Structures are given as structure tokens and as C-alpha cells.
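> Following this line is start09.cif, made up of mmCIF, C-alpha atoms:
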```
data_structure
loop_
_atom_site.label_atom_id
_atom_site.label_comp_id
_atom_site.auth_asym_id
_atom_site.auth_seq_id
_atom_site.Cartn_x
_atom_site.Cartn_y
_atom_site.Cartn_z
CA MET A 1 25.48 91.85 22.79
CA ASP A 2 25.44 94.51 25.48
CA GLN A 3 27.45 97.50 24.33
CA HIS A 4 27.86 99.32 27.65
CA ARG A 5 31.56 98.58 28.06
CA PRO A 6 33.67 101.75 28.30
CA HIS A 7 36.47 102.90 26.04
CA ASN A 8 38.34 104.31 29.03
CA PRO A 9 40.15 101.42 30.76
CA ASN A 10 40.05 103.27 34.07
CA SER A 11 36.30 103.56 34.08
CA SER A 12 33.42 101.14 33.68
CA TYR A 13 30.77 103.87 33.47
CA ARG A 14 29.05 105.22 30.38
CA ARG A 15 28.42 108.95 30.40
CA HIS A 16 25.91 109.27 27.57
CA ARG A 17 22.22 109.83 28.21
CA SER A 18 19.49 107.61 26.89
CA GLU A 19 17.54 109.02 23.98
CA ASP A 20 14.45 108.31 26.02
CA LYS A 21 14.20 111.57 27.99
CA ARG A 22 10.87 110.79 29.56
CA GLU A 23 10.81 111.07 33.30
CA ARG A 24 8.64 107.97 33.51
CA GLY A 25 10.08 104.74 32.20
CA ASP A 26 8.24 102.33 29.96
CA GLY A 27 7.56 100.03 32.90
CA TRP A 28 5.59 102.60 34.89
CA ARG A 29 1.88 101.86 34.77
CA ASN A 30 -1.08 103.83 36.00
CA PRO A 31 -4.32 101.85 36.35
CA ASN A 32 -6.26 104.86 35.10
CA GLU A 33 -4.33 104.71 31.85
CA ASN A 34 -4.28 100.94 31.30
CA LYS A 35 -7.57 99.08 31.44
CA HIS A 36 -5.75 95.72 31.43
CA LEU A 37 -3.91 96.44 34.67
CA LYS A 38 -5.66 95.33 37.83
CA PRO A 39 -5.81 98.03 40.51
CA ASN A 40 -3.52 97.47 43.48
CA HIS A 41 -5.71 97.25 46.58
CA HIS A 42 -2.80 96.84 48.96
CA GLN A 43 -2.22 100.55 49.33
CA HIS A 44 -3.48 101.82 52.66
CA GLN A 45 -2.61 104.22 55.42
CA SER A 46 -1.95 102.85 58.87
CA GLY A 47 -4.42 104.34 61.29
CA ALA A 48 -6.87 105.19 58.51
CA THR A 49 -10.50 105.51 59.43
CA PRO A 50 -12.70 102.48 58.64
CA GLU A 51 -14.72 104.30 56.02
CA GLN A 52 -11.64 104.98 53.90
CA LYS A 53 -11.57 102.59 50.95
CA PRO A 54 -8.38 100.97 49.65
CA LEU A 55 -6.84 103.06 46.92
CA SER A 56 -5.71 101.78 43.57
CA CYS A 57 -2.24 103.02 42.72
CA PRO A 58 0.33 102.91 39.95
CA SER A 59 2.75 100.00 39.77
CA LEU A 60 6.12 99.40 38.14
CA SER A 61 6.68 96.47 35.81
CA THR A 62 9.85 94.37 36.10
CA ARG A 63 9.61 92.87 32.60
CA ARG A 64 13.11 92.85 31.18
CA GLU A 65 12.24 93.91 27.65
CA LEU A 66 10.95 97.26 28.94
CA TYR A 67 14.44 98.19 30.12
CA GLU A 68 16.49 97.29 27.05
CA ARG A 69 17.26 100.92 26.33
CA ASP A 70 20.58 102.72 26.08
CA PHE A 71 22.75 102.37 29.16
CA PRO A 72 21.84 105.28 31.46
CA LEU A 73 24.28 107.89 32.67
CA TYR A 74 26.09 106.62 35.75
CA LYS A 75 28.77 108.96 37.03
CA GLN A 76 32.03 107.57 38.35
CA PRO A 77 31.39 107.04 42.08
CA VAL A 78 33.39 109.31 44.38
CA GLU A 79 34.29 108.23 47.90
CA VAL A 80 33.26 111.03 50.26
CA GLY A 81 34.15 109.18 53.45
CA CYS A 82 34.27 105.90 55.29
CA PHE A 83 33.56 104.40 58.68
CA SER A 84 34.40 101.35 60.76
CA LEU A 85 32.45 99.00 63.00
CA ASP A 86 34.48 97.29 65.71
CA ALA A 87 34.23 93.85 67.33
CA GLU A 88 31.24 95.06 69.38
CA ARG A 89 29.59 96.71 66.37
CA ARG A 90 30.42 100.22 67.61
CA PHE A 91 30.63 102.99 65.01
CA PHE A 92 33.84 104.95 64.37
CA ASN A 93 34.16 107.73 61.82
CA ASP A 94 37.50 106.46 60.50
CA SER A 95 39.24 103.64 58.60
CA ARG A 96 40.55 101.59 61.54
CA GLN A 97 38.98 98.39 60.17
CA MET A 98 40.60 98.71 56.73
CA ARG A 99 42.41 95.56 55.61
CA TYR A 100 44.97 94.94 52.86
CA PHE A 101 44.79 92.27 50.17
CA VAL A 102 47.63 89.73 50.02
CA GLU A 103 47.61 87.77 46.76
CA PRO A 104 47.57 84.02 47.51
CA ASP A 105 48.99 81.20 45.40
CA ARG A 106 46.88 80.06 42.46
CA ASN A 107 46.22 76.76 44.29
CA PRO A 108 46.26 77.83 47.93
CA ASN A 109 44.51 74.86 49.64
CA PHE A 110 42.95 77.11 52.28
CA ASP A 111 40.86 75.09 54.76
CA LEU A 112 37.76 77.25 55.21
CA ARG A 113 36.41 75.02 58.01
CA ASP A 114 39.30 75.88 60.31
CA GLY A 115 38.18 77.81 63.39
CA TYR A 116 34.43 77.40 62.86
CA LYS A 117 33.91 75.64 66.18
CA GLY A 118 36.27 77.60 68.41
CA ARG A 119 37.38 80.90 66.83
CA TYR A 120 34.17 82.41 65.45
CA VAL A 121 32.13 85.32 66.80
CA LYS A 122 28.99 85.64 64.67
CA ARG A 123 27.07 88.88 64.41
CA ASP A 124 23.48 88.66 65.60
CA ASP A 125 21.71 89.01 62.26
CA SER A 126 18.30 89.18 63.93
CA VAL A 127 19.18 92.75 65.00
CA ARG A 128 17.81 95.07 62.34
CA GLU A 129 20.29 97.95 62.05
CA LYS A 130 18.33 99.71 59.32
CA LEU A 131 20.23 102.82 58.12
CA ASP A 132 21.61 103.73 61.55
CA HIS A 133 25.33 103.46 60.74
CA ILE A 134 25.01 105.54 57.57
CA LEU A 135 22.98 108.12 59.48
CA ARG A 136 25.69 108.37 62.13
CA TRP A 137 28.21 109.01 59.37
CA ILE A 138 25.98 111.72 57.87
CA VAL A 139 25.58 113.49 61.22
CA ALA A 140 29.35 113.39 61.78
CA ASN A 141 30.06 114.72 58.27
CA ARG A 142 27.35 117.32 57.74
CA SER A 143 29.76 119.85 56.26
CA LYS A 144 30.50 117.54 53.31
CA LEU A 145 26.83 117.16 52.41
CA ASP A 146 25.04 120.43 53.19
CA SER A 147 23.30 121.89 50.15
CA SER A 148 22.94 125.47 51.36
CA ALA A 149 24.70 126.63 48.22
CA THR A 150 22.10 125.04 45.96
CA THR A 151 18.85 125.07 47.93
CA ALA A 152 16.90 127.40 50.17
CA SER A 153 17.30 125.06 53.15
CA SER A 154 20.66 124.95 54.91
CA ARG A 155 19.64 121.67 56.55
CA ALA A 156 18.86 119.61 53.43
CA LEU A 157 21.37 117.12 52.06
CA ASP A 158 22.48 117.65 48.48
CA VAL A 159 21.32 114.14 47.48
CA ASP A 160 18.06 112.56 46.36
CA PHE A 161 18.56 109.11 47.92
CA VAL A 162 20.37 107.67 50.94
CA THR A 163 20.63 103.89 51.28
CA TRP A 164 22.87 100.84 51.58
CA ARG A 165 24.67 99.47 48.54
CA GLY A 166 23.06 96.08 49.23
CA HIS A 167 19.57 97.54 48.73
CA LEU A 168 20.62 98.96 45.36
CA THR A 169 22.13 95.59 44.43
CA LYS A 170 18.72 94.00 44.99
CA LEU A 171 17.14 96.58 42.68
CA LEU A 172 19.70 95.98 39.94
CA THR A 173 19.12 92.22 40.00
CA THR A 174 15.30 92.39 40.28
CA PRO A 175 14.50 91.92 36.55
CA TYR A 176 16.36 88.58 36.69
CA GLU A 177 15.42 87.39 40.18
CA THR A 178 13.09 84.38 40.22
CA ARG A 179 13.05 83.28 43.87
CA GLU A 180 13.32 86.08 46.43
CA GLY A 181 11.07 89.12 46.73
CA TRP A 182 11.80 92.25 48.75
CA LEU A 183 10.28 95.00 50.85
CA LEU A 184 11.83 98.46 50.77
CA ALA A 185 10.67 101.17 53.17
CA VAL A 186 11.02 104.74 51.89
CA THR A 187 10.73 107.94 53.89
CA ARG A 188 11.05 111.46 52.49
CA PHE A 189 12.70 113.77 55.03
CA SER A 190 13.97 117.30 54.33
CA GLY A 191 13.79 116.64 50.59
CA THR A 192 15.86 113.45 50.64
CA LEU A 193 14.46 109.94 50.16
CA TYR A 194 15.81 107.30 52.54
CA ILE A 195 15.52 103.62 51.54
CA SER A 196 15.74 100.88 54.18
CA GLU A 197 15.03 97.19 53.65
CA VAL A 198 12.35 95.39 55.65
CA GLU A 199 12.84 91.67 56.16
CA THR A 200 10.20 89.64 54.32
CA GLU A 201 8.41 86.76 56.04
CA ALA A 202 10.13 84.35 53.64
CA ALA A 203 13.57 85.74 54.49
CA GLN A 204 12.85 85.46 58.21
CA ARG A 205 11.77 81.84 57.79
CA GLU A 206 14.94 81.09 55.85
CA ARG A 207 17.05 82.72 58.58
CA ASP A 208 15.25 80.84 61.35
CA ASN A 209 15.55 77.47 59.59
CA ARG A 210 19.13 77.44 58.34
CA THR A 211 20.82 74.08 58.49
CA GLU A 212 24.14 73.62 60.28
CA ARG A 213 25.75 73.09 56.87
CA HIS A 214 24.35 76.42 55.65
CA GLU A 215 25.61 78.21 58.77
CA GLU A 216 29.08 76.75 58.29
CA MET A 217 29.18 77.68 54.60
CA MET A 218 28.34 81.28 55.54
CA TYR A 219 31.43 81.20 57.77
CA TRP A 220 33.58 80.01 54.88
CA GLY A 221 33.34 83.37 53.10
CA TYR A 222 34.60 85.23 56.16
CA LYS A 223 37.37 82.67 56.70
CA PHE A 224 38.52 83.19 53.11
CA GLU A 225 38.89 86.90 53.88
CA GLN A 226 41.03 86.04 56.90
CA TYR A 227 43.37 83.98 54.70
CA THR A 228 43.81 86.81 52.18
CA CYS A 229 43.72 90.03 54.24
CA ALA A 230 46.34 91.68 56.46
CA ASP A 231 45.83 94.40 59.05
CA ASN A 232 48.44 96.70 57.51
CA PRO A 233 50.31 96.94 54.18
CA ASP A 234 53.51 95.39 55.50
CA SER A 235 52.09 92.41 57.37
CA LEU A 236 50.78 88.98 56.39
CA PRO A 237 47.35 87.45 56.99
CA ASP A 238 46.87 85.64 60.30
CA PRO A 239 44.45 82.73 59.80
CA SER A 240 45.00 81.59 63.41
CA GLY A 241 42.98 84.51 64.78
CA VAL A 242 39.28 84.86 65.59
CA VAL A 243 36.77 85.53 62.81
CA ASN A 244 34.44 88.23 64.16
CA THR A 245 31.70 89.22 61.72
CA ASN A 246 30.74 92.29 63.76
CA GLU A 247 33.82 94.02 62.37
CA ALA A 248 33.46 95.95 59.14
CA PHE A 249 34.99 98.71 57.06
CA CYS A 250 32.50 100.66 54.95
CA THR A 251 32.97 103.14 52.14
CA VAL A 252 30.53 106.02 51.61
CA VAL A 253 30.19 107.12 47.99
CA GLN A 254 28.30 109.72 46.01
CA THR A 255 27.29 109.32 42.39
CA ARG A 256 24.43 110.01 40.00
CA LEU A 257 22.24 107.57 38.09
CA ALA A 258 20.40 109.48 35.34
CA ASP A 259 18.83 112.39 37.26
CA HIS A 260 19.09 110.73 40.68
CA ARG A 261 21.81 111.90 43.07
CA LEU A 262 22.81 108.99 45.29
CA LEU A 263 24.63 108.67 48.61
CA PHE A 264 25.16 105.10 49.74
CA SER A 265 27.46 102.98 51.82
CA GLY A 266 28.71 99.44 51.43
CA GLU A 267 31.10 97.13 53.22
CA VAL A 268 34.54 96.76 51.63
CA ASP A 269 36.56 93.58 52.11
CA CYS A 270 40.03 95.04 51.57
CA ARG A 271 42.19 97.32 49.45
CA ASP A 272 45.25 96.91 47.25
CA LYS A 273 48.35 97.19 49.47
CA ASP A 274 50.46 98.74 46.69
CA PRO A 275 51.30 102.34 47.77
CA ASP A 276 50.96 103.39 44.11
CA ALA A 277 47.43 101.94 43.82
CA PRO A 278 44.72 104.40 42.69
CA ALA A 279 42.65 106.30 45.23
CA PRO A 280 39.49 104.74 46.67
CA PRO A 281 37.20 103.27 45.51
CA ALA A 282 39.41 102.12 42.59
CA CYS A 283 41.88 100.41 44.95
CA TYR A 284 39.25 98.26 46.66
CA VAL A 285 38.98 94.50 46.18
CA GLU A 286 35.86 92.35 46.64
CA LEU A 287 36.45 88.78 47.86
CA LYS A 288 34.14 85.84 47.05
CA THR A 289 34.05 82.08 47.40
CA SER A 290 32.22 79.69 45.11
CA ALA A 291 32.05 75.99 44.37
CA GLU A 292 34.85 74.77 42.11
CA ILE A 293 34.02 74.56 38.42
CA CYS A 294 34.44 71.15 36.83
CA THR A 295 32.11 71.30 33.81
CA PRO A 296 31.10 73.82 31.10
CA LYS A 297 27.59 73.83 32.57
CA GLN A 298 28.94 74.92 35.93
CA ARG A 299 30.93 77.70 34.26
CA SER A 300 27.81 78.82 32.40
CA ASN A 301 25.82 78.89 35.64
CA LEU A 302 28.51 81.04 37.26
CA HIS A 303 28.22 83.52 34.40
CA ARG A 304 24.42 83.53 34.33
CA PHE A 305 23.70 83.76 38.05
CA LYS A 306 26.59 84.53 40.38
CA LEU A 307 28.34 87.03 38.13
CA LEU A 308 25.15 89.10 37.99
CA LYS A 309 25.24 89.70 41.74
CA TRP A 310 29.02 90.06 41.84
CA TRP A 311 28.92 92.61 39.03
CA ALA A 312 26.05 94.63 40.54
CA GLN A 313 27.59 94.70 44.01
CA SER A 314 30.96 95.99 42.77
CA PHE A 315 29.88 98.15 39.82
CA LEU A 316 27.71 100.37 42.04
CA PRO A 317 30.51 101.70 44.31
CA GLY A 318 33.21 101.53 41.63
CA VAL A 319 35.14 98.51 42.97
CA PRO A 320 37.14 97.32 39.94
CA ARG A 321 37.77 93.64 40.66
CA VAL A 322 36.46 90.54 42.38
CA VAL A 323 38.92 87.89 43.55
CA ALA A 324 37.22 84.51 43.86
CA GLY A 325 38.39 81.42 45.66
CA PHE A 326 36.90 78.21 44.27
CA ARG A 327 36.39 75.52 46.92
CA ASP A 328 35.69 71.83 46.90
CA HIS A 329 32.79 70.16 48.74
CA GLU A 330 34.87 69.92 51.93
CA GLY A 331 35.51 73.67 52.04
CA VAL A 332 39.10 73.69 50.76
CA VAL A 333 40.01 76.48 48.30
CA VAL A 334 41.64 74.72 45.36
CA SER A 335 41.94 77.57 42.82
CA MET A 336 41.73 81.35 42.45
CA GLU A 337 40.39 83.61 39.71
CA THR A 338 40.14 87.38 39.31
CA PHE A 339 37.15 88.98 37.58
CA HIS A 340 37.53 92.55 36.34
CA ILE A 341 34.19 94.31 36.57
CA SER A 342 34.72 96.23 33.32
CA LYS A 343 35.19 92.94 31.43
CA ILE A 344 32.25 90.96 32.79
CA SER A 345 29.82 92.08 30.07
CA HIS A 346 32.27 90.69 27.50
CA LEU A 347 32.60 87.48 29.53
CA ILE A 348 28.85 86.78 29.42
CA LYS A 349 28.12 87.91 25.86
CA ASN A 350 27.98 84.38 24.43
CA GLU A 351 25.66 83.00 27.11
CA TYR A 352 22.17 82.32 25.78
CA ASN A 353 19.46 84.64 27.14
CA CYS A 354 21.84 86.02 29.74
CA TRP A 355 21.43 89.06 31.97
CA LYS A 356 22.21 92.53 30.61
CA PRO A 357 23.79 95.35 32.62
CA THR A 358 21.69 97.93 30.78
CA VAL A 359 18.44 96.25 31.93
CA CYS A 360 19.65 96.28 35.53
CA MET A 361 20.61 99.95 35.55
CA ASN A 362 17.54 101.17 33.65
CA PHE A 363 15.23 99.32 36.03
CA CYS A 364 16.99 100.85 39.03
CA SER A 365 16.72 104.31 37.50
CA ASP A 366 13.03 103.88 36.70
CA PHE A 367 12.35 102.55 40.19
CA MET A 368 13.87 105.72 41.63
CA SER A 369 11.73 107.89 39.37
CA PHE A 370 8.71 105.88 40.50
CA VAL A 371 9.63 106.39 44.16
CA LYS A 372 10.16 110.12 43.67
CA HIS A 373 6.66 110.52 42.26
CA MET A 374 4.90 108.28 44.76
CA ALA A 375 6.66 109.16 48.03
CA THR A 376 5.63 112.80 48.14
CA GLU A 377 4.87 113.58 51.78
CA ASP A 378 7.93 114.98 53.56
CA ASN A 379 7.52 113.46 57.01
CA PRO A 380 9.93 111.23 58.99
CA SER A 381 7.03 109.24 60.47
CA VAL A 382 5.51 108.34 57.08
CA VAL A 383 6.77 105.23 55.31
CA TYR A 384 6.00 104.24 51.73
CA LEU A 385 6.49 100.48 51.68
CA PHE A 386 7.46 99.22 48.21
CA SER A 387 6.84 95.53 47.70
CA TRP A 388 7.89 93.09 45.01
CA GLU A 389 7.58 89.35 44.40
CA PRO A 390 9.02 87.49 41.39
CA ARG A 391 6.87 87.72 38.25
CA ARG A 392 4.85 90.57 39.78
CA ASP A 393 4.87 94.36 39.49
CA VAL A 394 6.31 96.62 42.16
CA THR A 395 3.51 98.05 44.30
CA PHE A 396 3.42 100.13 47.46
CA SER A 397 1.42 100.97 50.57
CA ILE A 398 1.53 103.96 52.93
CA HIS A 399 2.04 103.71 56.69
CA ARG A 400 1.99 106.41 59.40
CA ASP A 401 3.65 106.05 62.81
CA SER A 402 3.96 102.33 62.15
CA GLN A 403 6.33 99.45 62.79
CA TYR A 404 8.00 100.31 59.51
CA SER A 405 9.27 103.74 60.61
CA PHE A 406 13.06 103.66 60.54
CA LEU A 407 14.50 107.19 60.87
CA PRO A 408 15.57 107.47 64.53
CA HIS A 409 14.49 110.45 66.62
CA TRP A 410 18.10 111.39 67.32
CA TYR A 411 18.78 111.71 63.58
CA VAL A 412 15.69 113.81 62.88
CA LYS A 413 16.58 116.06 65.81
CA GLU A 414 20.22 116.47 64.73
CA MET A 415 19.30 117.20 61.13
CA THR A 416 16.69 119.78 62.06
CA SER A 417 18.79 121.51 64.74
CA GLY A 418 21.36 122.88 62.31
CA GLY A 419 24.29 122.18 64.63
CA ASP A 420 27.26 119.90 64.08
CA SER A 421 27.30 116.71 66.09
CA HIS A 422 29.28 113.54 66.53
CA HIS A 423 26.59 111.21 67.73
CA GLN A 424 28.12 107.81 68.45
CA SER A 425 25.49 105.84 70.33
#
```
Would you kindly transcribe this structure into C-alpha cells?

Amino acid sequence: MDQHRPHNPNSSYRRHRSEDKRERGDGWRNPNENKHLKPNHHQHQSGATPEQKPLSCPSLSTRRELYERDFPLYKQPVEVGCFSLDAERRFFNDSRQMRYFVEPDRNPNFDLRDGYKGRYVKRDDSVREKLDHILRWIVANRSKLDSSATTASSRALDVDFVTWRGHLTKLLTTPYETREGWLLAVTRFSGTLYISEVETEAAQRERDNRTERHEEMMYWGYKFEQYTCADNPDSLPDPSGVVNTNEAFCTVVQTRLADHRLLFSGEVDCRDKDPDAPAPPACYVELKTSAEICTPKQRSNLHRFKLLKWWAQSFLPGVPRVVAGFRDHEGVVVSMETFHISKISHLIKNEYNCWKPTVCMNFCSDFMSFVKHMATEDNPSVVYLFSWEPRRDVTFSIHRDSQYSFLPHWYVKEMTSGGDSHHQS
């Protein structure tokens, strides 16, 4: 049984430190220290001279048993800002895209297919946005993040890592992932490590070869949001409108995992419309759809697989609940269920060989320690590309002035100029 559940009902975060105080986790291997580990010959530097030989480098294990330690310190996430993306994917440093949750009936019979053919504007997901929207927020909110009080440099951010919540979700679920690998590009710039995902060849193939059924089912999740979200606290949802997936409201939160100070952003579906609801992020609601559950086996599969990703996605930014609509094969929502993030570990405790929140968080923490020690050169044109495939260790390669570079010139210029800016383009 995983004992990470809090005693404080308003918080799902443990504040005790692991007894294991070592900076390196148990999963961190150095080939010079372990004769049974094969050297990684994938590490290279783009543009290296031909006579340079491939270097062997340390790797990070993803074996679950190595991360069954005490739950690491994870501070209650604090929202430091937000931003919106409009129907044309333009950035705004405000909450104009915020929506408000309207509780539906327990058996709502929402038709998720409605509007797919004629009232759907789909975002071009072949456009790789990298960290650009978060970086625009940082530039527009420098005064909230400057670390001049704690460091010698007035231009450095007072955080160790900047990334998207979705990238962290992938790290949390890695010890239990059996199908999809990942590539994460890391650049150290002015003392902060930026993490941006690179699309794998397998993910690109999957995107290029989606069936029409798959495309429509992706729409269903957005349509469910339209049925349950209103544009202001006093209005009702309008399911007759256009579903435009360019639009988004994103929270920006700061927190700390063990010794790692994090700044990350993630899209938020809606918030509680009650004026007495707690302050963000505790008022936010995550919306999900899933196939209806008709058998104990289907319920067990929900607990063992989907709840892992739902938990990780919401636990990270401090979103307290997931509201799920269960749909039939024709895309009609036939029932609703609310999952409280702080109770999910109790929900899964009787599942055989199930996932453990402590394994997820300890792996993420150890990965960050690994990155800190490997990605040492402070240079916006240098990328450390961390790679992982199921049942393998995490390895990395080094690239200079390559296709993997992701920090835009405008951001580097703004952050080294020392002046305030409100870059919008």
C-alpha cells in the first residue's frame, strides 16, 4: 500500500524528505562504476571532427523497484500567473480564455459527435510550438521571477527547470510506460535548464496515420468540454457553437520537487464557478472522457492505466479533481464520475501490481538530478537530447547548433538585455 496520502484534506502533497539524502538516485549508473552496464555509444556532438570517438556516458535506469523510496518532498504548487491563446493561437498575458465548470446531470446523454463535420476548427498539430508560449509569459513577467536577491546575476531566473506540465507527466509515468518512448531536449541557459519535447519518429508516424475514427474520438474530448463549460460564472454552456482547439487557458505554477525548483505551465480546462471556491490552482477542474465501464475488468483497467495519467497530469499543478464523462461506443456520454486526486492512491490500493505515486515522483526527481549533472554547458545553442524507449535506460547525446535547438533568438536577447519587454509575436 502506498502511504503518500496526506493528513491535510486541503493538500495532496507530502512535505517530509526521503531518508535517502544522496544527490544521485539508485537508478543512476556510470559505466565506469558498473562493469555489467554496456557503454552508451549514442552520445556525440553535432559538428564534431571525424577523429572524435563516440563517448560512453552514464545512463538512468527506469526499473520501478529502484524508486520505491519514501515519497519525496513536493511543495504545494503556487500559481504565479496565467496566459491565454485565442482562436488564432495568439498569446495574451491574461485569463480571457478561462471557462467555468457547469455540473451536468449524472446521466447527461451528451452526443459527442455533434458538430464534428461542420463546427470544428482543429489546431495544426504538426506545428511544433516548443516552449515559445511559456517563454513569452516569462518575458512579460520578468519581475516575478528575477533572482537578483539570491544570485549574483540579475538576469537569471530563480528556478532550476522550465518546461510544460505535459513533459513532466511523461516523466512521472515512465516507470510504467510499455509502449511509447520519448525524446526530451534540454538546454542550460543563464543557470536554468529548459526542457522541450522532440517528436519521436514513432509519434510522427502515429500522427500521420491516424484513422478517421481516431480523429473523431480526439474531437469527442473537446466536445465534452463544450457541453460542461461556460464562458462566465453566470452563463450556461453553449454546445451549438464552434469547437476551436487553438483556444486555450494555461496556468503557470512554481513548486519544488526535492531540491529542484520548477516553473511549468499546463492547459486548464475550467474552474469552479462558485465565488467562494479556493484560489487557483485549487479551484481548477480537469475534464476527461473514457469508454463506459460495464465489467470489473474494465474498472480495473481504468485504475491501472488511465488513472495513472489522470493523476500525474493533475497532481503536478495542484488540480484537485477530475470529472469524467463515460461514453458508449457511439460517442454518447451516459454517466459521470468525479475523481479526487488526493483519494486516487486509496482507490488503486487493492489492484494487483499497480502503479505507485512514490515511484513516479522519485523517478522524476532522479531524472532531474541526472539532467543537472549531465547538462553542464551554459549555452543556448547546445542541446542535451535525453532519449528513452520502454524497457531501456535513459541515455543522452549532445548537439551544437543543430535541428534540436529550441530557445528562440528573441528570448535569449530579451533575457540577456536586462530590460522589461512584452514580446507578443
> What do you get, as an MDAnalysis selection string, if you spell out every residue that the PyMOL selection byres ((chain A and resi 301) around 12) selects here?
chainID A and resid 290:300 302:308 348 351:352 354:355
> Which residue out of A:Lys130, A:Lys356, A:Arg142, A:Lys117 has the minimum interatomic distance to Glu414 (chain A) when only C-alpha atoms are used?
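Checking each of A:Lys130, A:Lys356, A:Arg142, A:Lys117 against Glu414 (chain A), counting only C-alpha atoms, the winner is A:Arg142.
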> List as a PyMOL selection string the protein and nucleic acid residues near region 82-96 of chain A, meaning an atom at most 10 Å away when only C-alpha atoms are counted, but skip any in the same chain fewer than 2 places from it.
chain A and resi 79-80+98-99+121+123+132-134+136-138+140-141+231+243-253+265-268+422-425
> For the provided coordinates, the residues matched by the PyMOL selection byres ((chain A and resi 255) around 10) should be stated as a ChimeraX atom specification.
/A:74-79,159,253-254,256-258,260-264,316-318
> Need the shell around Thr376 (chain A): protein/DNA/RNA residues with any atom at most 12 Å away, counting only C-alpha atoms. Skip same-chain ones fewer than 5 positions apart. Format as a PyMOL selection string?
chain A and resi 186-193+369-371+382-384+398
> Hey, which of A:Pro357, A:Gly118, A:Gly331, A:Gly181 ends up closest to Val242 (chain A)? Count all atoms listed in the file.
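The answer is A:Gly118, which sits nearest to Val242 (chain A).
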> Skip Tyr67 (chain A) itself and residues of its chain fewer than 2 positions away, then list as a list in words all residues within 7 Å of it, counting all atoms listed in the file.
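So, after excluding close chain neighbours, the residues are Arg64, Glu65, Arg69, Val359, Asn362 and Phe363 of chain A.
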> Hey, can you spit out that residue selection with C-alpha atoms as an mmCIF file, in the frame of the given file?

```cif
data_model
loop_
_atom_site.group_PDB
_atom_site.id
_atom_site.type_symbol
_atom_site.label_atom_id
_atom_site.label_comp_id
_atom_site.auth_asym_id
_atom_site.auth_seq_id
_atom_site.Cartn_x
_atom_site.Cartn_y
_atom_site.Cartn_z
ATOM 1 C CA ARG A 64 13.110 92.850 31.180
ATOM 2 C CA GLU A 65 12.240 93.910 27.650
ATOM 3 C CA ARG A 69 17.260 100.920 26.330
ATOM 4 C CA VAL A 359 18.440 96.250 31.930
ATOM 5 C CA ASN A 362 17.540 101.170 33.650
ATOM 6 C CA PHE A 363 15.230 99.320 36.030
#
```
> Could you check how far CA of Ala375 (chain A) sits from CA of Ala185 (chain A), in Å to one decimal?
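For CA of Ala375 (chain A) relative to CA of Ala185 (chain A), the distance reads 10.3 Å.
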> Name all residues at most 9 Å from Trp220 (chain A) (count all atoms listed in the file; drop same-chain ones fewer than 6 positions away) and give them as a VMD selection string.
chain A and resid 111 to 114 116 289 331
> Padding of 4 Å on every side, edges along x, y and z, all listed atoms of region 68-73 of chain A included: what centre and edge lengths in Å, to one decimal, does that box have, as JSON?

```
{"center_x": 20.4, "center_y": 102.6, "center_z": 29.4, "size_x": 15.8, "size_y": 18.6, "size_z": 14.6}
```
> Please list as a list in words every residue within 10 Å of Ala202 (chain A), counting all atoms listed in the file and excluding residues in the same chain fewer than 5 positions away.
Glu180, Gly181, Trp182, Arg207 and Asp208 of chain A
> Which one of A:Asn379, A:Cys364, A:Glu177, A:Asn109 sits closest to Asp328 (chain A) if you count only C-alpha atoms?
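Closest candidate: A:Asn109.
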> Between CA of Lys372 (chain A) and CA of Thr163 (chain A), what is the distance, to one decimal in Å?
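Interatomic distance, CA of Lys372 (chain A) to CA of Thr163 (chain A): 14.4 Å.
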